[in-house]
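Note: the block below is protein27.txt and it holds compact mmCIF, C-alpha atoms.
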```
# COMPACT_ATOMS: atom_id res chain seq x y z
CA MET O 1 -38.22 -16.82 -22.32
CA ALA O 2 -37.01 -15.07 -25.45
CA ILE O 3 -35.88 -17.38 -28.25
CA TYR O 4 -32.38 -15.91 -28.39
CA ARG O 5 -31.91 -16.61 -24.68
CA LYS O 6 -32.94 -20.25 -25.17
CA ILE O 7 -30.41 -20.54 -27.99
CA ALA O 8 -27.73 -18.92 -25.83
CA ILE O 9 -28.40 -21.41 -23.01
CA GLN O 10 -28.12 -24.36 -25.38
CA LEU O 11 -24.93 -23.05 -26.94
CA ARG O 12 -23.50 -22.40 -23.48
CA ASP O 13 -24.16 -26.02 -22.52
CA GLU O 14 -22.59 -27.27 -25.74
CA ILE O 15 -19.50 -25.11 -25.24
CA SER O 16 -19.07 -26.56 -21.76
CA ALA O 17 -19.46 -30.15 -22.94
CA GLN O 18 -18.02 -30.26 -26.45
CA TYR O 19 -15.67 -27.33 -27.11
CA THR O 20 -12.14 -26.50 -26.05
CA PRO O 21 -10.48 -23.05 -25.96
CA GLY O 22 -9.64 -21.93 -29.48
CA ASP O 23 -12.50 -23.81 -31.19
CA LEU O 24 -14.72 -21.83 -33.53
CA LEU O 25 -18.50 -21.82 -33.29
CA PRO O 26 -20.38 -22.66 -36.49
CA PRO O 27 -21.08 -19.62 -38.71
CA GLU O 28 -24.20 -17.58 -37.94
CA ASN O 29 -26.01 -18.78 -41.07
CA GLN O 30 -25.49 -22.42 -40.08
CA LEU O 31 -26.78 -21.74 -36.58
CA ALA O 32 -29.76 -19.85 -38.01
CA ASP O 33 -30.64 -22.86 -40.20
CA ARG O 34 -30.15 -25.26 -37.29
CA PHE O 35 -32.42 -23.35 -34.90
CA ASP O 36 -34.82 -22.22 -37.66
CA VAL O 37 -34.45 -18.53 -36.81
CA ASN O 38 -33.04 -15.49 -38.57
CA ARG O 39 -29.41 -14.41 -38.24
CA HIS O 40 -30.36 -11.43 -36.07
CA THR O 41 -31.72 -13.81 -33.41
CA VAL O 42 -28.54 -15.89 -33.58
CA ARG O 43 -26.44 -12.76 -33.29
CA ARG O 44 -28.29 -11.74 -30.11
CA ALA O 45 -27.72 -15.22 -28.68
CA ILE O 46 -24.01 -14.97 -29.41
CA ASP O 47 -23.97 -11.50 -27.84
CA GLU O 48 -25.01 -13.22 -24.61
CA LEU O 49 -22.04 -15.59 -24.88
CA VAL O 50 -19.67 -12.70 -25.58
CA GLN O 51 -20.98 -10.79 -22.57
CA ASP O 52 -20.43 -13.91 -20.43
CA GLY O 53 -16.84 -14.11 -21.64
CA LEU O 54 -17.34 -17.55 -23.24
CA VAL O 55 -16.56 -16.58 -26.83
CA ARG O 56 -14.82 -13.73 -28.61
CA ARG O 57 -15.62 -12.36 -32.05
CA HIS O 58 -12.79 -12.19 -34.58
CA GLN O 59 -13.45 -10.17 -37.71
CA GLY O 60 -13.39 -12.36 -40.81
CA LEU O 61 -12.97 -15.51 -38.74
CA GLY O 62 -16.02 -15.95 -36.55
CA CYS O 63 -16.54 -16.61 -32.84
CA ARG O 64 -13.81 -18.41 -30.95
CA VAL O 65 -14.23 -20.13 -27.59
CA VAL O 66 -11.99 -18.53 -24.98
CA GLN O 67 -10.16 -20.19 -22.13
CA LYS O 68 -11.49 -20.15 -18.58
CA PRO O 69 -10.37 -17.12 -16.56
CA ILE O 70 -6.96 -17.40 -14.93
CA ASP O 71 -7.09 -17.71 -11.15
CA TYR O 72 -4.67 -14.95 -10.12
CA ALA O 73 -3.75 -14.75 -6.44
CA LEU O 74 -3.03 -11.37 -4.88
CA HIS O 75 -0.44 -12.05 -2.20
CA ASP O 76 2.68 -10.31 -0.96
CA ARG O 77 4.78 -11.34 -3.97
CA ALA O 78 4.40 -8.25 -6.13
CA ALA O 79 5.73 -9.47 -9.49
CA PHE O 80 3.06 -9.95 -12.17
CA SER O 81 5.34 -12.04 -14.39
CA HIS O 82 6.50 -14.24 -11.50
CA ASN O 83 2.96 -14.90 -10.33
CA LEU O 84 1.86 -16.05 -13.78
CA ASN O 85 4.99 -18.16 -14.26
CA GLN O 86 4.14 -19.90 -11.00
CA ILE O 87 0.94 -21.22 -12.58
CA GLY O 88 2.70 -22.25 -15.79
CA LEU O 89 1.92 -19.28 -18.02
CA GLY O 90 4.54 -17.45 -20.04
CA LEU O 91 4.24 -13.69 -20.33
CA GLU O 92 5.63 -11.30 -22.90
CA THR O 93 6.24 -7.61 -22.17
CA GLU O 94 5.93 -4.72 -24.62
CA ILE O 95 7.28 -1.31 -23.58
CA LEU O 96 4.78 1.40 -24.55
CA GLY O 97 6.64 4.33 -23.04
CA CYS O 98 9.17 5.36 -20.41
CA ARG O 99 9.96 8.83 -19.09
CA VAL O 100 11.02 10.81 -16.05
CA THR O 101 8.14 12.97 -14.85
CA THR O 102 6.43 14.38 -11.77
CA LEU O 103 3.99 12.13 -9.97
CA PRO O 104 0.42 13.22 -10.85
CA ALA O 105 -1.13 15.44 -8.20
CA VAL O 106 -4.00 13.02 -7.56
CA LEU O 107 -1.49 10.30 -6.61
CA THR O 108 0.61 12.73 -4.59
CA ASP O 109 -2.47 13.46 -2.48
CA GLN O 110 -3.54 9.82 -2.32
CA LEU O 111 -0.11 8.72 -1.12
CA GLU O 112 -0.07 11.60 1.38
CA LEU O 113 3.18 13.03 0.05
CA THR O 114 3.96 16.55 1.18
CA GLU O 115 5.45 17.80 -2.10
CA PRO O 116 5.69 16.82 -5.79
CA VAL O 117 8.02 13.88 -6.42
CA SER O 118 10.07 12.99 -9.49
CA VAL O 119 9.38 9.43 -10.68
CA ILE O 120 10.10 7.14 -13.58
CA GLU O 121 6.83 6.41 -15.37
CA LEU O 122 6.87 3.14 -17.32
CA GLN O 123 3.94 1.92 -19.41
CA THR O 124 3.81 -1.73 -20.47
CA ARG O 125 1.46 -4.10 -22.22
CA ARG O 126 1.54 -7.77 -21.26
CA PHE O 127 0.73 -10.69 -23.57
CA ILE O 128 -0.12 -14.32 -22.96
CA GLY O 129 0.64 -15.99 -26.26
CA THR O 130 -0.59 -13.54 -28.88
CA ASP O 131 -3.35 -12.11 -26.68
CA PRO O 132 -2.84 -8.72 -25.02
CA VAL O 133 -4.16 -9.19 -21.48
CA CYS O 134 -3.00 -6.30 -19.32
CA LEU O 135 -1.86 -2.68 -19.43
CA ILE O 136 0.28 -1.47 -16.53
CA ARG O 137 1.43 2.02 -15.63
CA HIS O 138 4.33 1.90 -13.17
CA TYR O 139 5.55 4.85 -11.10
CA LEU O 140 8.99 4.12 -9.65
CA PHE O 141 10.49 6.12 -6.77
CA GLY O 142 14.08 6.71 -5.75
CA LEU O 143 15.85 5.37 -8.85
CA PRO O 144 18.36 7.09 -11.16
CA ASP O 145 16.75 8.73 -14.18
CA ASP O 146 18.43 6.23 -16.51
CA ALA O 147 17.57 3.18 -14.38
CA LEU O 148 15.34 1.58 -17.04
CA ASN O 149 17.44 2.41 -20.09
CA ASN O 150 18.37 -1.26 -20.48
CA PHE O 151 14.97 -2.70 -19.62
CA SER O 152 13.27 -4.01 -22.76
CA GLU O 153 11.50 -7.26 -21.88
CA GLY O 154 10.66 -9.75 -19.16
CA SER O 155 9.88 -9.04 -15.52
CA LEU O 156 10.38 -5.48 -14.28
CA HIS O 157 10.78 -6.61 -10.69
CA ALA O 158 13.39 -9.23 -11.63
CA TYR O 159 15.27 -6.48 -13.48
CA LEU O 160 15.16 -4.19 -10.43
CA LEU O 161 16.38 -6.99 -8.17
CA GLN O 162 19.23 -7.95 -10.48
CA ASN O 163 20.42 -4.42 -11.25
CA PHE O 164 19.62 -2.44 -8.09
CA ASP O 165 19.28 -5.12 -5.42
CA LEU O 166 15.71 -3.86 -4.94
CA GLU O 167 13.27 -6.56 -3.88
CA LEU O 168 9.65 -5.43 -3.88
CA GLN O 169 6.66 -6.84 -2.07
CA ARG O 170 3.00 -5.94 -2.28
CA GLY O 171 1.86 -3.40 0.28
CA THR O 172 -1.78 -2.49 -0.27
CA THR O 173 -4.03 -3.21 -3.24
CA ARG O 174 -7.31 -1.63 -4.37
CA LEU O 175 -9.49 -3.19 -7.06
CA ARG O 176 -12.41 -1.91 -9.06
CA ALA O 177 -14.25 -3.04 -12.17
CA ARG O 178 -15.19 -0.54 -14.87
CA MET O 179 -15.98 -0.36 -18.55
CA PRO O 180 -12.97 0.14 -20.83
CA THR O 181 -12.08 3.29 -22.71
CA PHE O 182 -11.85 3.18 -26.49
CA ASP O 183 -8.05 3.20 -26.24
CA GLU O 184 -8.10 0.27 -23.81
CA CYS O 185 -10.41 -1.65 -26.17
CA SER O 186 -7.88 -1.14 -28.94
CA GLN O 187 -4.83 -1.96 -26.80
CA LEU O 188 -6.41 -5.07 -25.23
CA ALA O 189 -8.37 -6.26 -28.29
CA ILE O 190 -11.70 -6.35 -26.44
CA SER O 191 -15.18 -5.05 -27.13
CA ARG O 192 -16.74 -2.19 -25.18
CA GLY O 193 -18.96 -4.73 -23.42
CA ILE O 194 -16.11 -6.48 -21.58
CA PRO O 195 -15.14 -4.74 -18.31
CA VAL O 196 -11.57 -4.24 -17.21
CA MET O 197 -10.29 -4.83 -13.70
CA GLU O 198 -8.28 -1.86 -12.48
CA VAL O 199 -5.80 -2.79 -9.77
CA HIS O 200 -3.92 -0.10 -7.83
CA THR O 201 -0.94 -1.45 -5.91
CA ARG O 202 1.61 0.05 -3.55
CA ASN O 203 4.81 -1.97 -3.68
CA VAL O 204 7.41 -1.45 -0.98
CA CYS O 205 11.02 -2.45 -0.48
CA ARG O 206 10.96 -5.80 1.31
CA GLN O 207 13.87 -4.84 3.56
CA SER O 208 12.91 -1.27 4.53
CA GLY O 209 9.17 -1.10 3.93
CA VAL O 210 9.64 2.17 2.00
CA LEU O 211 7.30 2.83 -0.95
CA ARG O 212 9.25 2.27 -4.19
CA GLU O 213 6.53 1.65 -6.77
CA TYR O 214 2.90 2.54 -7.38
CA SER O 215 1.29 0.61 -10.22
CA ILE O 216 -2.06 0.83 -11.98
CA ALA O 217 -2.92 -2.34 -13.89
CA ARG O 218 -5.91 -2.66 -16.20
CA SER O 219 -6.56 -6.28 -17.09
CA ARG O 220 -9.17 -8.09 -19.13
CA SER O 221 -11.97 -9.46 -17.00
CA ASP O 222 -12.47 -12.33 -19.46
CA TYR O 223 -8.90 -13.50 -18.72
CA PHE O 224 -8.47 -13.07 -14.97
CA GLU O 225 -10.26 -13.81 -11.75
CA TYR O 226 -8.53 -12.26 -8.75
CA ARG O 227 -8.19 -14.12 -5.47
CA VAL O 228 -7.09 -12.29 -2.34
CA GLU O 229 -4.80 -14.26 -0.05
CA PRO O 230 -4.22 -12.95 3.49
CA THR O 231 -0.65 -12.48 4.62
CA PRO O 232 0.41 -15.34 6.96
```
Show me the file's structure as structure tokens.
Amino acid sequence: MAIYRKIAIQLRDEISAQYTPGDLLPPENQLADRFDVNRHTVRRAIDELVQDGLVRRHQGLGCRVVQKPIDYALHDRAAFSHNLNQIGLGLETEILGCRVTTLPAVLTDQLELTEPVSVIELQTRRFIGTDPVCLIRHYLFGLPDDALNNFSEGSLHAYLLQNFDLELQRGTTRLRARMPTFDECSQLAISRGIPVMEVHTRNVCRQSGVLREYSIARSRSDYFEYRVEPTP
């Protein structure tokens, strides 16, 4: 077994037994002295830990141990903020853009719509603490053009319920893992080696079953593990 892999295994065991999320690993030069190897070998060992999602590099600071992935259940409750609040996590919302536009043709075909549809397109970035964890593009159907003029923070679905008496529930969900784009790396503060989970969701009105939202979420795979719960 390569030396860097042996070092990675030992560091992995030590992280599990001795470290808590937020702790910093010793600097590379200290680890090189400890294991009697050069810094390049240590760097390759740490690369293994980064790929495993155990630590994250911070420029000028070092390598910080990350928290265990959040167990996120995909059930009929559609609200991202609500679902995280249910497990005790606060979530901050940043509005990246909002406009009235025509639903992209690829989604028009996918949703089997017979003609182009006007939608409100909302782009948000979600934070847990100071960490950006998710980018979401929302397409909202059947709302006035100015429906989101007063939406600036918090849960989108709570806002829709309070202001338009629109309660949404999850319809169908598709998931896929892929490597992030450069823009997603920048927006989510991740390296190119950390995949994102892309989640496509149809959300329908709970009362009528009519499609009212299509969302595309791209979340950090080092932060979330998705669990699918069947509808009772």
Taking all listed atoms of range 52-68 of chain O, build the axis-aligned box, pad each of the six sides by 5 Å, then write its centre and edge lengths in Å to one decimal as lines of an AutoDock Vina configuration file.
```
center_x = -15.3
center_y = -15.2
center_z = -29.7
size_x = 20.3
size_y = 20.0
size_z = 32.2
```
Exercise: Arg202 in chain O partners within 12 Å, all atoms listed in the file, chain neighbours under 2 positions left out, as an MDAnalysis selection string: chainID O and resid 76:79 107 110:111 138:141 168:174 199:200 204:205 209:217
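Between CA of Asp23 in chain O and CA of Gly53 in chain O there is a distance of 14.3 Å.
For Leu24 in chain O, the set of protein, DNA and RNA residues having any atom at most 8 Å away, when counting only C-alpha atoms and skipping those fewer than 3 positions along the same chain, is O:Gly62, O:Cys63, O:Arg64, O:Val65.
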Would you save the residues of that selection, restricted to C-alpha atoms, as a PDB file, keeping the file's coordinate frame?
```
ATOM      1  CA  GLY O  62     -16.020 -15.950 -36.550  1.00  0.00           C
ATOM      2  CA  CYS O  63     -16.540 -16.610 -32.840  1.00  0.00           C
ATOM      3  CA  ARG O  64     -13.810 -18.410 -30.950  1.00  0.00           C
ATOM      4  CA  VAL O  65     -14.230 -20.130 -27.590  1.00  0.00           C
TER       5      VAL O  65
END
```
Who sits within 10 Å of Arg44 in chain O, all atoms listed in the file, same chain under 2 positions skipped, as a ChimeraX atom specification: /O:3-5,7-8,39-42,46-50
For range 97-104 of chain O: contacts at 7 Å, only C-alpha atoms, fewer than 3 positions along chain excluded, given as a list in words: Leu107, Thr108, Pro116, Val117, Ser118, Val119, Ile120, Glu121, Leu122, Gln123 and Asp145 of chain O
Pro132 in chain O surroundings by all atoms listed in the file, 6 Å radius, close-in-sequence under 3 positions cut, as a list of chain:residue names: O:Arg126, O:Phe127, O:Leu188
Would you mind exporting range 171-184 of chain O with N, CA and C atoms, as a compact mmCIF listing (two decimals), in the first residue's frame?
```
# COMPACT_ATOMS: atom_id res chain seq x y z
N GLY O 171 -44.42 16.19 -5.33
CA GLY O 171 -45.01 15.24 -6.25
C GLY O 171 -44.02 14.14 -6.58
N THR O 172 -43.19 14.40 -7.59
CA THR O 172 -42.14 13.43 -7.95
C THR O 172 -40.78 14.08 -7.81
N THR O 173 -39.77 13.25 -7.56
CA THR O 173 -38.41 13.75 -7.37
C THR O 173 -37.44 12.86 -8.15
N ARG O 174 -36.51 13.49 -8.85
CA ARG O 174 -35.42 12.77 -9.52
C ARG O 174 -34.09 13.28 -8.98
N LEU O 175 -33.17 12.36 -8.73
CA LEU O 175 -31.87 12.71 -8.17
C LEU O 175 -30.77 12.19 -9.08
N ARG O 176 -29.70 12.96 -9.16
CA ARG O 176 -28.50 12.48 -9.82
C ARG O 176 -27.29 13.19 -9.22
N ALA O 177 -26.17 12.48 -9.20
CA ALA O 177 -24.92 13.06 -8.73
C ALA O 177 -24.08 13.44 -9.95
N ARG O 178 -23.40 14.55 -9.87
CA ARG O 178 -22.52 14.98 -10.95
C ARG O 178 -21.44 15.88 -10.37
N MET O 179 -20.41 16.11 -11.18
CA MET O 179 -19.35 17.02 -10.75
C MET O 179 -19.82 18.47 -10.92
N PRO O 180 -19.38 19.36 -10.07
CA PRO O 180 -19.86 20.74 -10.13
C PRO O 180 -19.23 21.54 -11.26
N THR O 181 -19.93 22.56 -11.70
CA THR O 181 -19.36 23.52 -12.64
C THR O 181 -18.46 24.48 -11.85
N PHE O 182 -17.68 25.27 -12.58
CA PHE O 182 -16.82 26.24 -11.90
C PHE O 182 -17.65 27.26 -11.12
N ASP O 183 -18.79 27.66 -11.70
CA ASP O 183 -19.65 28.62 -11.01
C ASP O 183 -20.21 28.02 -9.73
N GLU O 184 -20.62 26.75 -9.78
CA GLU O 184 -21.15 26.09 -8.59
C GLU O 184 -20.07 25.95 -7.51
```
